[in-house]
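Asks: Sharing upload-v1.cif (mmCIF, C-alpha atoms) below.
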data_start
#
loop_
_atom_site.label_atom_id
_atom_site.label_comp_id
_atom_site.auth_asym_id
_atom_site.auth_seq_id
_atom_site.Cartn_x
_atom_site.Cartn_y
_atom_site.Cartn_z
CA MET A 1153 274.44 29.53 114.09
CA ARG A 1154 276.74 29.44 117.08
CA VAL A 1155 275.63 26.49 119.20
CA LEU A 1156 276.33 25.46 122.79
CA LEU A 1157 275.68 21.76 123.42
CA VAL A 1158 275.52 20.90 127.13
CA GLY A 1159 276.71 17.51 128.37
CA SER A 1160 279.57 15.03 128.24
CA GLY A 1161 278.12 11.60 127.46
CA GLY A 1162 277.71 9.33 124.48
CA ARG A 1163 274.39 11.01 123.68
CA GLU A 1164 276.13 14.38 123.44
CA HIS A 1165 278.92 12.94 121.27
CA ALA A 1166 276.28 11.58 118.88
CA MET A 1167 274.37 14.88 118.94
CA ALA A 1168 277.58 16.82 118.31
CA ALA A 1169 278.35 14.62 115.30
CA ALA A 1170 274.89 15.27 113.85
CA ILE A 1171 274.95 19.01 114.57
CA ALA A 1172 278.43 19.31 113.04
CA ARG A 1173 277.02 18.12 109.70
CA SER A 1174 274.52 21.00 109.51
CA PRO A 1175 275.08 23.72 106.90
CA LEU A 1176 273.54 26.12 109.45
CA LEU A 1177 276.46 25.68 111.87
CA ASP A 1178 279.07 28.40 112.32
CA ALA A 1179 280.63 27.22 115.57
CA LEU A 1180 279.97 24.41 118.03
CA PHE A 1181 280.88 24.54 121.70
CA ILE A 1182 280.38 21.54 124.00
CA THR A 1183 280.49 21.75 127.77
CA PRO A 1184 282.03 19.96 129.45
CA GLY A 1185 282.28 17.52 126.54
CA ASN A 1186 284.70 14.62 126.26
CA PRO A 1187 287.71 13.73 124.08
CA GLY A 1188 285.35 12.55 121.33
CA THR A 1189 283.40 15.81 121.14
CA ALA A 1190 286.68 17.77 121.08
CA ALA A 1191 287.17 16.60 117.50
CA LEU A 1192 283.85 18.18 116.48
CA GLY A 1193 283.94 21.53 118.25
CA THR A 1194 285.40 23.38 121.22
CA ASN A 1195 285.10 21.76 124.65
CA CYS A 1196 284.58 24.18 127.55
CA ALA A 1197 285.15 23.54 131.26
CA VAL A 1198 281.68 24.32 132.62
CA LYS A 1199 279.67 21.64 134.41
CA ALA A 1200 276.34 20.66 132.86
CA ASP A 1201 274.32 21.71 135.92
CA ASP A 1202 276.13 25.05 136.49
CA VAL A 1203 273.34 27.23 135.11
CA ALA A 1204 275.03 30.55 135.89
CA GLY A 1205 278.27 29.32 134.32
CA LEU A 1206 276.45 28.09 131.22
CA ILE A 1207 274.75 31.45 130.71
CA ALA A 1208 278.04 33.32 131.19
CA LEU A 1209 279.69 31.04 128.62
CA ALA A 1210 276.81 31.48 126.16
CA GLN A 1211 277.02 35.26 126.47
CA ARG A 1212 280.80 35.31 126.14
CA GLU A 1213 280.74 33.16 122.99
CA ARG A 1214 277.70 34.94 121.48
CA ILE A 1215 275.71 31.70 121.36
CA ASP A 1216 272.57 31.63 119.21
CA LEU A 1217 271.18 28.32 120.48
CA VAL A 1218 271.70 26.31 123.66
CA VAL A 1219 271.03 22.57 123.31
CA PRO A 1220 270.80 20.76 126.66
CA GLY A 1221 271.71 17.08 126.35
CA PRO A 1222 271.09 15.55 129.82
CA GLU A 1223 268.22 16.16 132.21
CA ALA A 1224 270.17 17.83 135.04
CA PRO A 1225 270.52 21.32 133.49
CA LEU A 1226 266.85 21.26 132.43
CA VAL A 1227 265.63 20.36 135.91
CA ALA A 1228 268.01 23.05 137.24
CA GLY A 1229 266.32 25.69 135.04
CA ILE A 1230 268.68 26.29 132.11
CA ALA A 1231 265.80 27.06 129.72
CA ASP A 1232 264.39 29.68 132.10
CA ALA A 1233 267.81 31.28 132.50
CA CYS A 1234 268.32 31.33 128.72
CA ALA A 1235 264.94 33.02 128.26
CA ALA A 1236 265.86 35.66 130.83
CA ALA A 1237 269.13 36.29 128.96
CA GLY A 1238 267.48 36.39 125.53
CA ILE A 1239 269.16 33.20 124.29
CA ALA A 1240 267.23 30.49 122.41
CA CYS A 1241 267.14 27.09 124.13
CA ALA A 1242 265.92 23.78 122.71
CA GLY A 1243 264.52 22.45 125.97
CA PRO A 1244 261.63 22.76 128.43
CA THR A 1245 261.27 25.15 131.33
CA GLN A 1246 262.11 24.02 134.83
CA ALA A 1247 258.41 23.62 135.61
CA ALA A 1248 257.85 21.45 132.52
CA ALA A 1249 261.03 19.45 133.20
CA ALA A 1250 259.31 18.15 136.35
CA LEU A 1251 257.96 15.47 134.01
CA GLU A 1252 261.35 13.85 134.51
CA GLY A 1253 262.37 15.46 137.78
CA SER A 1254 259.45 13.95 139.72
CA LYS A 1255 257.83 10.57 139.18
CA THR A 1256 254.88 11.76 141.26
CA PHE A 1257 254.31 14.77 139.00
CA THR A 1258 254.28 12.54 135.92
CA LYS A 1259 251.74 10.19 137.48
CA GLU A 1260 249.50 13.11 138.43
CA VAL A 1261 249.65 14.45 134.87
CA CYS A 1262 248.83 11.00 133.48
CA ASP A 1263 245.84 10.63 135.79
CA ALA A 1264 244.54 14.09 134.87
CA ALA A 1265 245.01 13.51 131.13
CA GLY A 1266 243.63 9.95 131.07
CA ILE A 1267 246.94 8.46 129.94
CA PRO A 1268 247.24 4.68 130.48
CA THR A 1269 249.87 3.94 133.12
CA ALA A 1270 250.43 1.50 135.97
CA ARG A 1271 248.51 1.89 139.23
CA TRP A 1272 250.69 3.72 141.73
CA GLU A 1273 251.19 5.04 145.25
CA ARG A 1274 253.66 7.60 146.62
CA PHE A 1275 255.42 7.23 149.99
CA ASP A 1276 257.49 9.77 151.93
CA THR A 1277 258.55 7.42 154.74
CA ALA A 1278 259.72 3.83 154.65
CA ALA A 1279 257.28 2.17 157.08
CA PRO A 1280 254.06 2.64 155.07
CA ALA A 1281 255.94 1.76 151.85
CA LEU A 1282 257.12 -1.51 153.38
CA ASP A 1283 253.62 -2.24 154.65
CA TYR A 1284 252.19 -1.58 151.18
CA VAL A 1285 254.44 -4.07 149.38
CA ARG A 1286 253.80 -6.72 152.05
CA ARG A 1287 250.05 -6.34 151.48
CA HIS A 1288 250.28 -5.87 147.70
CA GLY A 1289 252.73 -8.66 146.95
CA ALA A 1290 255.27 -8.94 144.15
CA PRO A 1291 256.28 -8.21 141.49
CA VAL A 1292 256.22 -4.44 141.97
CA VAL A 1293 258.28 -1.53 140.67
CA VAL A 1294 259.98 0.75 143.19
CA LYS A 1295 261.03 4.15 141.82
CA ALA A 1296 262.94 6.98 143.45
CA ASP A 1297 260.83 10.09 142.96
CA GLY A 1298 263.77 12.28 141.88
CA LEU A 1299 266.61 12.13 139.38
CA ALA A 1300 268.88 9.11 139.85
CA ALA A 1301 270.86 8.89 136.57
CA GLY A 1302 268.90 5.85 135.38
CA LYS A 1303 269.58 3.90 138.59
CA GLY A 1304 266.47 4.81 140.57
CA VAL A 1305 264.18 1.99 139.38
CA VAL A 1306 264.03 -1.52 140.82
CA VAL A 1307 261.72 -4.12 139.29
CA ALA A 1308 261.28 -6.27 142.38
CA GLN A 1309 260.33 -9.88 141.67
CA SER A 1310 259.88 -10.70 145.36
CA ILE A 1311 258.67 -8.91 148.47
CA ALA A 1312 262.16 -9.22 149.94
CA GLU A 1313 263.66 -7.50 146.89
CA ALA A 1314 261.08 -4.70 147.13
CA GLU A 1315 261.81 -4.28 150.85
CA GLN A 1316 265.52 -4.04 150.12
CA ALA A 1317 264.96 -1.40 147.41
CA ILE A 1318 262.78 0.70 149.70
CA THR A 1319 265.26 0.44 152.56
CA ASP A 1320 268.22 1.28 150.31
CA MET A 1321 266.51 4.30 148.76
CA MET A 1322 264.70 5.75 151.75
CA THR A 1323 266.88 4.91 154.74
CA GLY A 1324 270.15 3.72 153.22
CA HIS A 1325 270.43 6.94 151.20
CA THR A 1326 271.98 5.15 148.21
CA LEU A 1327 270.43 7.76 145.90
CA GLY A 1328 270.60 10.81 148.16
CA GLN A 1329 267.75 13.30 147.94
CA ALA A 1330 266.29 11.52 144.90
CA GLY A 1331 265.23 8.54 147.00
CA HIS A 1332 263.73 10.35 149.98
CA SER A 1333 260.31 9.73 148.44
CA VAL A 1334 259.39 6.71 146.33
CA VAL A 1335 256.64 5.74 143.94
CA ILE A 1336 255.56 2.09 143.98
CA GLU A 1337 253.78 0.82 140.89
CA ASP A 1338 252.15 -2.32 139.61
CA CYS A 1339 254.54 -4.23 137.36
CA LEU A 1340 253.57 -3.95 133.69
CA VAL A 1341 254.30 -6.90 131.40
CA GLY A 1342 255.30 -6.65 127.76
CA ASP A 1343 258.03 -5.24 125.51
CA GLU A 1344 259.53 -1.91 126.60
CA VAL A 1345 260.24 0.69 123.90
CA SER A 1346 261.44 4.29 123.85
CA LEU A 1347 259.47 6.83 121.79
CA PHE A 1348 260.86 10.27 120.90
CA ALA A 1349 259.20 13.43 119.60
CA PHE A 1350 259.90 17.12 119.17
CA CYS A 1351 257.26 19.12 121.04
CA ALA A 1352 256.11 22.72 121.14
CA GLY A 1353 252.98 23.57 123.09
CA GLU A 1354 250.34 21.09 121.97
CA THR A 1355 252.20 20.00 118.81
CA ALA A 1356 254.28 16.82 118.67
CA VAL A 1357 256.36 15.72 115.67
CA LEU A 1358 257.58 12.12 115.73
CA ILE A 1359 261.33 11.58 115.80
CA GLY A 1360 261.39 7.79 116.05
CA ALA A 1361 261.76 4.88 118.44
CA ALA A 1362 264.37 2.55 119.87
CA GLN A 1363 264.53 -0.35 122.31
CA ASP A 1364 266.90 -0.09 125.25
CA HIS A 1365 268.48 -2.92 127.26
CA LYS A 1366 268.53 -1.72 130.87
CA ARG A 1367 269.98 -4.52 132.96
CA ILE A 1368 273.71 -5.01 133.29
CA GLY A 1369 273.85 -8.72 132.42
CA ASP A 1370 273.10 -10.98 129.49
CA GLY A 1371 269.55 -12.27 129.44
CA ASP A 1372 268.30 -9.13 131.22
CA THR A 1373 269.89 -10.13 134.52
CA GLY A 1374 271.39 -8.06 137.30
CA PRO A 1375 270.65 -4.49 138.38
CA ASN A 1376 269.24 -1.74 136.21
CA THR A 1377 271.68 0.66 134.57
CA GLY A 1378 271.45 3.83 132.52
CA GLY A 1379 271.29 1.52 129.48
CA MET A 1380 273.63 -1.12 128.05
CA GLY A 1381 272.59 -0.91 124.41
CA ALA A 1382 269.73 -0.22 122.03
CA VAL A 1383 268.29 -1.15 118.66
CA SER A 1384 266.40 1.11 116.27
CA PRO A 1385 263.73 0.77 115.05
CA PRO A 1386 262.17 -1.71 117.50
CA THR A 1387 260.78 -4.91 116.05
CA GLY A 1388 256.97 -4.80 115.82
CA PHE A 1389 256.67 -1.07 116.55
CA ASP A 1390 256.52 0.61 113.15
CA ARG A 1391 255.86 4.27 112.25
CA ALA A 1392 252.08 3.79 112.35
CA ALA A 1393 252.29 2.29 115.84
CA GLN A 1394 254.61 5.08 116.93
CA GLU A 1395 252.16 7.76 115.71
CA ALA A 1396 249.30 5.99 117.47
CA ALA A 1397 251.34 5.97 120.68
CA LEU A 1398 251.91 9.72 120.32
CA ASP A 1399 248.15 10.22 120.10
CA LEU A 1400 247.55 8.06 123.16
CA LEU A 1401 250.42 8.94 125.46
CA VAL A 1402 252.11 12.19 124.41
CA ARG A 1403 249.63 14.61 122.88
CA PRO A 1404 247.18 14.34 125.84
CA MET A 1405 250.12 15.14 128.15
CA LEU A 1406 250.95 18.23 126.09
CA ARG A 1407 247.36 19.43 126.37
CA GLU A 1408 247.37 18.87 130.13
CA MET A 1409 250.68 20.69 130.55
CA THR A 1410 249.29 23.65 128.60
CA ARG A 1411 246.13 23.60 130.73
CA ARG A 1412 248.32 23.77 133.85
CA GLY A 1413 250.15 26.83 132.53
CA THR A 1414 253.43 24.94 132.06
CA PRO A 1415 253.50 24.14 128.32
CA PHE A 1416 256.20 21.72 127.21
CA THR A 1417 258.68 22.72 124.52
CA GLY A 1418 261.60 20.40 123.78
CA ILE A 1419 262.25 16.71 123.20
CA ILE A 1420 259.99 14.21 124.94
CA PHE A 1421 261.17 10.66 125.54
CA ALA A 1422 258.28 8.42 126.49
CA GLY A 1423 259.21 5.05 127.93
CA LEU A 1424 256.39 2.67 127.01
CA MET A 1425 255.38 -0.87 127.83
CA LEU A 1426 253.60 -2.63 124.98
CA THR A 1427 251.13 -4.68 127.04
CA ARG A 1428 248.44 -7.04 125.81
CA SER A 1429 245.87 -4.28 126.37
CA GLY A 1430 247.92 -1.69 124.47
CA PRO A 1431 250.77 0.75 125.17
CA GLN A 1432 251.09 2.11 128.70
CA LEU A 1433 253.39 4.84 129.93
CA ILE A 1434 256.31 3.86 132.16
CA GLU A 1435 257.87 7.32 132.44
CA TYR A 1436 258.61 10.56 130.62
CA ASN A 1437 262.09 11.93 130.12
CA VAL A 1438 262.65 15.45 128.80
CA ARG A 1439 265.58 14.81 126.44
CA LEU A 1440 266.97 12.20 124.09
CA GLY A 1441 267.83 8.85 125.61
CA ASP A 1442 271.27 7.36 126.10
CA PRO A 1443 272.10 4.91 124.46
CA GLU A 1444 268.98 5.27 122.27
CA ALA A 1445 270.17 8.58 120.79
CA GLN A 1446 273.34 6.98 119.47
CA ALA A 1447 271.37 4.26 117.68
CA LEU A 1448 268.84 6.75 116.34
CA LEU A 1449 271.18 9.49 115.20
CA ILE A 1450 273.44 7.30 113.07
CA ARG A 1451 270.32 6.73 110.91
CA LEU A 1452 269.42 10.45 110.71
CA GLU A 1453 269.43 11.91 107.19
CA SER A 1454 267.82 15.31 107.89
CA ASP A 1455 269.32 18.36 109.64
CA LEU A 1456 269.23 17.98 113.44
CA LEU A 1457 270.28 21.57 114.05
CA ALA A 1458 267.43 22.94 111.92
CA ALA A 1459 264.96 20.83 113.90
CA LEU A 1460 266.40 21.95 117.24
CA ALA A 1461 266.17 25.59 116.16
CA ALA A 1462 262.52 25.04 115.24
CA VAL A 1463 261.87 23.55 118.68
CA ALA A 1464 263.48 26.55 120.37
CA ALA A 1465 261.35 28.88 118.25
CA GLY A 1466 258.21 26.95 119.19
CA ASP A 1467 257.26 26.42 115.54
CA LEU A 1468 257.34 22.85 114.27
CA ALA A 1469 255.19 23.44 111.17
CA ASP A 1470 257.99 22.75 108.69
CA THR A 1471 260.13 20.43 110.80
CA ASP A 1472 261.85 17.83 108.64
CA ILE A 1473 262.84 14.54 110.31
CA ARG A 1474 264.09 11.79 108.02
CA PHE A 1475 265.89 8.57 108.82
CA SER A 1476 267.43 5.95 106.59
CA SER A 1477 265.57 2.67 106.21
CA GLN A 1478 268.51 0.86 107.82
CA SER A 1479 268.52 -0.85 111.17
CA SER A 1480 270.97 0.25 113.83
CA ILE A 1481 272.35 -0.90 117.15
CA SER A 1482 274.42 0.54 119.99
CA VAL A 1483 276.46 -1.64 122.33
CA VAL A 1484 277.64 0.06 125.52
CA MET A 1485 281.06 -0.78 126.89
CA ALA A 1486 281.11 -0.03 130.62
CA ALA A 1487 283.86 -0.09 133.20
CA ARG A 1488 284.13 -3.25 135.28
CA GLY A 1489 282.17 -2.70 138.50
CA TYR A 1490 279.42 -0.59 136.92
CA PRO A 1491 276.68 0.20 138.01
CA GLY A 1492 278.33 0.03 141.41
CA ARG A 1493 281.88 1.34 141.73
CA PRO A 1494 283.46 1.32 138.25
CA VAL A 1495 287.16 0.73 137.71
CA THR A 1496 288.59 3.88 136.12
CA GLY A 1497 291.96 4.86 134.72
CA GLY A 1498 292.46 1.96 132.31
CA ILE A 1499 293.90 2.85 128.90
CA ILE A 1500 291.58 2.36 125.92
CA GLY A 1501 293.15 1.54 122.57
CA ASN A 1502 292.24 0.74 118.97
CA LEU A 1503 289.20 3.04 118.71
CA ALA A 1504 290.30 4.22 115.28
CA GLN A 1505 290.62 0.64 114.06
CA ALA A 1506 287.17 -0.23 115.41
CA GLY A 1507 285.76 2.73 113.51
CA THR A 1508 286.96 1.26 110.21
CA VAL A 1509 284.34 -1.52 110.33
CA PRO A 1510 281.70 -0.59 107.71
CA GLY A 1511 278.77 1.34 109.17
CA VAL A 1512 280.37 1.64 112.62
CA GLN A 1513 280.71 4.77 114.73
CA VAL A 1514 282.16 4.78 118.26
CA PHE A 1515 280.84 7.45 120.62
CA GLN A 1516 282.68 8.34 123.80
CA ALA A 1517 281.08 8.97 127.19
CA GLY A 1518 283.08 8.39 130.39
CA THR A 1519 286.50 9.08 128.89
CA LYS A 1520 289.37 11.52 129.42
CA LEU A 1521 292.99 11.98 128.37
CA ASP A 1522 295.68 11.22 130.93
CA GLY A 1523 298.90 13.18 131.34
CA ALA A 1524 300.57 11.17 128.59
CA GLY A 1525 297.74 11.78 126.13
CA ASN A 1526 296.26 8.29 126.45
CA LEU A 1527 292.49 7.84 126.32
CA VAL A 1528 291.40 6.35 129.64
CA ALA A 1529 288.16 5.32 131.32
CA ALA A 1530 286.72 7.99 133.60
CA GLY A 1531 283.19 6.80 134.36
CA GLY A 1532 280.71 3.95 134.37
CA ARG A 1533 279.40 3.83 130.82
CA VAL A 1534 282.46 4.64 128.74
CA LEU A 1535 281.82 3.89 125.05
CA ALA A 1536 278.86 3.25 122.76
CA VAL A 1537 279.83 1.16 119.75
CA CYS A 1538 277.18 1.70 117.08
CA ALA A 1539 276.50 0.28 113.65
CA ALA A 1540 273.90 0.74 110.93
CA ALA A 1541 273.21 -1.67 108.07
CA ASP A 1542 270.43 -2.88 105.80
CA THR A 1543 269.49 -5.59 108.30
CA LEU A 1544 269.68 -5.73 112.09
CA ALA A 1545 271.65 -8.97 111.88
CA THR A 1546 274.37 -7.28 109.82
CA ALA A 1547 274.42 -4.18 112.03
CA ARG A 1548 274.70 -6.36 115.12
CA ALA A 1549 277.53 -8.43 113.68
CA ARG A 1550 279.48 -5.31 112.71
CA ALA A 1551 279.00 -3.64 116.09
CA TYR A 1552 280.29 -6.69 117.96
CA GLU A 1553 283.17 -7.04 115.50
CA ALA A 1554 284.16 -3.47 116.41
CA VAL A 1555 283.71 -4.13 120.15
CA THR A 1556 286.16 -7.04 120.02
CA MET A 1557 288.73 -4.84 118.27
CA ILE A 1558 288.82 -2.32 121.14
CA ASP A 1559 291.74 -2.88 123.51
CA TRP A 1560 290.41 -2.20 127.00
CA PRO A 1561 290.86 -4.98 129.58
CA ASP A 1562 288.54 -3.30 132.10
CA GLY A 1563 285.67 -3.00 129.61
CA VAL A 1564 282.53 -5.09 130.05
CA TYR A 1565 279.49 -5.34 127.80
CA ARG A 1566 276.44 -7.41 127.14
CA HIS A 1567 276.78 -10.04 124.45
CA ASP A 1568 273.07 -10.21 123.59
CA ILE A 1569 272.10 -6.66 122.59
CA GLY A 1570 269.54 -6.99 119.80
CA GLN A 1571 269.27 -10.77 120.05
CA ARG A 1572 265.67 -10.75 121.26
CA ALA A 1573 264.72 -8.41 118.41
CA LEU A 1574 266.34 -10.79 115.94
CA ASP A 1575 264.53 -13.75 117.49
CA ALA A 1576 261.24 -11.91 117.03
CA LEU A 1577 261.95 -11.59 113.31
CA ASP A 1578 262.35 -15.37 112.87
#
Kindly transcribe the structure held in the file into structure tokens.

Replies:
Amino acid sequence: MRVLLVGSGGREHAMAAAIARSPLLDALFITPGNPGTAALGTNCAVKADDVAGLIALAQRERIDLVVPGPEAPLVAGIADACAAAGIACAGPTQAAAALEGSKTFTKEVCDAAGIPTARWERFDTAAPALDYVRRHGAPVVVKADGLAAGKGVVVAQSIAEAEQAITDMMTGHTLGQAGHSVVIEDCLVGDEVSLFAFCAGETAVLIGAAQDHKRIGDGDTGPNTGGMGAVSPPTGFDRAAQEAALDLLVRPMLREMTRRGTPFTGIIFAGLMLTRSGPQLIEYNVRLGDPEAQALLIRLESDLLAALAAVAAGDLADTDIRFSSQSSISVVMAARGYPGRPVTGGIIGNLAQAGTVPGVQVFQAGTKLDGAGNLVAAGGRVLAVCAAADTLATARARAYEAVTMIDWPDGVYRHDIGQRALDALD
């Protein structure tokens, strides 16, 4: 198969590494890719949300399968455009991608399907939103309705913090169009986990689960980010619990989407809160997570490309998904200043040496080569340093050993990724 993988982040680097191992692969193209993916296939200079450009590239390179990595091309309609051009695509239609593109849409689907989720209200102007939080009290969760690259959620512990989030999103325009409407939810309490499944129509096949660390600082402090690290599998959320969560929170959604005439075909990422009364849905995403994908895929033993082809064909009957019994971890190295204004341009060294630590793989995200051929930081989240081992403690130790070997003065990272999971094992 000739495959076009869309995206440029650490998730796409990890996906490219898994796809490159497939005996089904003839050629791999990644667009726009990064210096890490260039070692696994051919990078192409088309932006991930340039649907017309992606289709033109796929036709020119005689692509058999398009694999969208991030949400932007899916919400922009890449799957619909592929269908019109007769090209297979392992992702949902634009209408089905509204599960991630609109928080309101997801809540309406949950209510219709009887899926447990936090009580919510939508607001299109700031004044009634501010009035609501003053009457409701804190803590509350304020979410931008649209896509915000993982930065559109504020868990407000005080009314003042909620007011600031609403003002920033709706009148300060910090998130642009995404924040023009907001959803305000009750704050769920428990452990948050990420659940992944391949879906086709009303069929869901479990991929696995991971636990992300969203806040920028140690001890879950500071603002939310796109994710600062992950562990897989999560402590206390085994395969049986994952399957039960699919029955409760994913398969009813698939039935409701089919009933609406917008069946979902692709990868579903359900963010869950494990509350005292059982799992509740936080949100749906319509692709693999980042940095969860990196932690998951280094444990993958089966053929990712074969599974993606089955998704695109809408037939998951013989889909084979197998992971090693090891534990894994990803530690994100971000540029100083992230998630605000990251410092870019700093030279990154010693990646090859870091990759010599047993069980370690380093995936690139916000990187580029400068004019002298040096690898430099070019974004907020820049690297994901991952490790797999027989125990989480060993994987964690190896990942942090590799992190300390990387020569990048502007790099920042959390020092406690996986620590809470280890504490739960004691």

Asks: List, as a list in words, every residue that the PyMOL selection byres ((chain A and resi 1205) around 12) selects in the file provided.

Replies: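 That selection, the PyMOL selection byres ((chain A and resi 1205) around 12), comes back as Val1158, Thr1183, Pro1184, Cys1196, Ala1197, Val1198, Lys1199, Ala1200, Asp1201, Asp1202, Val1203, Ala1204, Leu1206, Ile1207, Ala1208, Leu1209, Ala1210, Gln1211, Arg1212, Pro1225, Ile1230, Ala1233 and Cys1234 of chain A.
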
Asks: Can you list what the PyMOL selection byres ((chain A and resi 1190) around 12) grabs from this structure, as an mmCIF file with C-alpha atoms, keeping the file's coordinate frame?

Replies:
data_model
loop_
_atom_site.group_PDB
_atom_site.id
_atom_site.type_symbol
_atom_site.label_atom_id
_atom_site.label_comp_id
_atom_site.auth_asym_id
_atom_site.auth_seq_id
_atom_site.Cartn_x
_atom_site.Cartn_y
_atom_site.Cartn_z
ATOM 1 C CA LEU A 1157 275.680 21.760 123.420
ATOM 2 C CA SER A 1160 279.570 15.030 128.240
ATOM 3 C CA GLU A 1164 276.130 14.380 123.440
ATOM 4 C CA HIS A 1165 278.920 12.940 121.270
ATOM 5 C CA ALA A 1168 277.580 16.820 118.310
ATOM 6 C CA ALA A 1169 278.350 14.620 115.300
ATOM 7 C CA ALA A 1172 278.430 19.310 113.040
ATOM 8 C CA LEU A 1180 279.970 24.410 118.030
ATOM 9 C CA PHE A 1181 280.880 24.540 121.700
ATOM 10 C CA ILE A 1182 280.380 21.540 124.000
ATOM 11 C CA THR A 1183 280.490 21.750 127.770
ATOM 12 C CA PRO A 1184 282.030 19.960 129.450
ATOM 13 C CA GLY A 1185 282.280 17.520 126.540
ATOM 14 C CA ASN A 1186 284.700 14.620 126.260
ATOM 15 C CA PRO A 1187 287.710 13.730 124.080
ATOM 16 C CA GLY A 1188 285.350 12.550 121.330
ATOM 17 C CA THR A 1189 283.400 15.810 121.140
ATOM 18 C CA ALA A 1191 287.170 16.600 117.500
ATOM 19 C CA LEU A 1192 283.850 18.180 116.480
ATOM 20 C CA GLY A 1193 283.940 21.530 118.250
ATOM 21 C CA THR A 1194 285.400 23.380 121.220
ATOM 22 C CA ASN A 1195 285.100 21.760 124.650
ATOM 23 C CA CYS A 1196 284.580 24.180 127.550
ATOM 24 C CA ALA A 1197 285.150 23.540 131.260
ATOM 25 C CA PHE A 1515 280.840 7.450 120.620
ATOM 26 C CA GLN A 1516 282.680 8.340 123.800
ATOM 27 C CA THR A 1519 286.500 9.080 128.890
ATOM 28 C CA LYS A 1520 289.370 11.520 129.420
ATOM 29 C CA LEU A 1521 292.990 11.980 128.370
#

Asks: Once the PyMOL selection byres ((chain A and resi 1353) around 7) has been evaluated on this model, what residues remain selected, and can you format them as a PyMOL selection string?

Replies: chain A and resi 1351-1352+1354-1355+1406+1410+1415-1417

Asks: Pick the closest to Ile1336 in chain A from A:Phe1350, A:Tyr1490, A:Trp1272, A:Tyr1284: which is it, counting all atoms listed in the file?

Replies: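 Closest residue, counting all atoms listed in the file: A:Trp1272.
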
Asks: Between CA of Gly1531 in chain A and CA of Pro1494 in chain A, measure the distance and give it in Å to one decimal.

Replies: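 One can read the CA of Gly1531 in chain A to CA of Pro1494 in chain A distance as 6.7 Å.
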
Asks: Could you please fill out range 1386-1396 of chain A with N, CA, C and O atoms and send it back as a PDB file, in the frame of the given file?

Replies:
ATOM      1  N   PRO A1386     262.529  -0.488 116.797  1.00  0.00           N
ATOM      2  CA  PRO A1386     262.170  -1.710 117.500  1.00  0.00           C
ATOM      3  C   PRO A1386     261.351  -2.652 116.620  1.00  0.00           C
ATOM      4  O   PRO A1386     260.520  -2.199 115.819  1.00  0.00           O
ATOM      5  N   THR A1387     261.566  -3.930 116.773  1.00  0.00           N
ATOM      6  CA  THR A1387     260.780  -4.910 116.050  1.00  0.00           C
ATOM      7  C   THR A1387     259.311  -4.830 116.482  1.00  0.00           C
ATOM      8  O   THR A1387     259.008  -4.772 117.672  1.00  0.00           O
ATOM      9  N   GLY A1388     258.387  -4.786 115.517  1.00  0.00           N
ATOM     10  CA  GLY A1388     256.970  -4.800 115.820  1.00  0.00           C
ATOM     11  C   GLY A1388     256.402  -3.491 116.306  1.00  0.00           C
ATOM     12  O   GLY A1388     255.290  -3.445 116.851  1.00  0.00           O
ATOM     13  N   PHE A1389     257.144  -2.394 116.125  1.00  0.00           N
ATOM     14  CA  PHE A1389     256.670  -1.070 116.550  1.00  0.00           C
ATOM     15  C   PHE A1389     257.004  -0.083 115.442  1.00  0.00           C
ATOM     16  O   PHE A1389     257.935   0.703 115.536  1.00  0.00           O
ATOM     17  N   ASP A1390     256.221  -0.168 114.341  1.00  0.00           N
ATOM     18  CA  ASP A1390     256.520   0.610 113.150  1.00  0.00           C
ATOM     19  C   ASP A1390     256.037   2.053 113.279  1.00  0.00           C
ATOM     20  O   ASP A1390     255.519   2.470 114.323  1.00  0.00           O
ATOM     21  N   ARG A1391     256.204   2.837 112.196  1.00  0.00           N
ATOM     22  CA  ARG A1391     255.860   4.270 112.250  1.00  0.00           C
ATOM     23  C   ARG A1391     254.389   4.467 112.591  1.00  0.00           C
ATOM     24  O   ARG A1391     254.037   5.390 113.339  1.00  0.00           O
ATOM     25  N   ALA A1392     253.509   3.635 112.058  1.00  0.00           N
ATOM     26  CA  ALA A1392     252.080   3.790 112.350  1.00  0.00           C
ATOM     27  C   ALA A1392     251.815   3.558 113.833  1.00  0.00           C
ATOM     28  O   ALA A1392     251.047   4.303 114.467  1.00  0.00           O
ATOM     29  N   ALA A1393     252.459   2.562 114.409  1.00  0.00           N
ATOM     30  CA  ALA A1393     252.290   2.290 115.840  1.00  0.00           C
ATOM     31  C   ALA A1393     252.889   3.410 116.679  1.00  0.00           C
ATOM     32  O   ALA A1393     252.343   3.772 117.735  1.00  0.00           O
ATOM     33  N   GLN A1394     253.979   3.975 116.214  1.00  0.00           N
ATOM     34  CA  GLN A1394     254.610   5.080 116.930  1.00  0.00           C
ATOM     35  C   GLN A1394     253.697   6.314 116.928  1.00  0.00           C
ATOM     36  O   GLN A1394     253.535   6.988 117.955  1.00  0.00           O
ATOM     37  N   GLU A1395     253.090   6.622 115.789  1.00  0.00           N
ATOM     38  CA  GLU A1395     252.160   7.760 115.710  1.00  0.00           C
ATOM     39  C   GLU A1395     250.944   7.525 116.598  1.00  0.00           C
ATOM     40  O   GLU A1395     250.466   8.449 117.277  1.00  0.00           O
ATOM     41  N   ALA A1396     250.446   6.301 116.612  1.00  0.00           N
ATOM     42  CA  ALA A1396     249.300   5.990 117.470  1.00  0.00           C
ATOM     43  C   ALA A1396     249.663   6.165 118.940  1.00  0.00           C
ATOM     44  O   ALA A1396     248.850   6.652 119.742  1.00  0.00           O
TER      45      ALA A1396
END
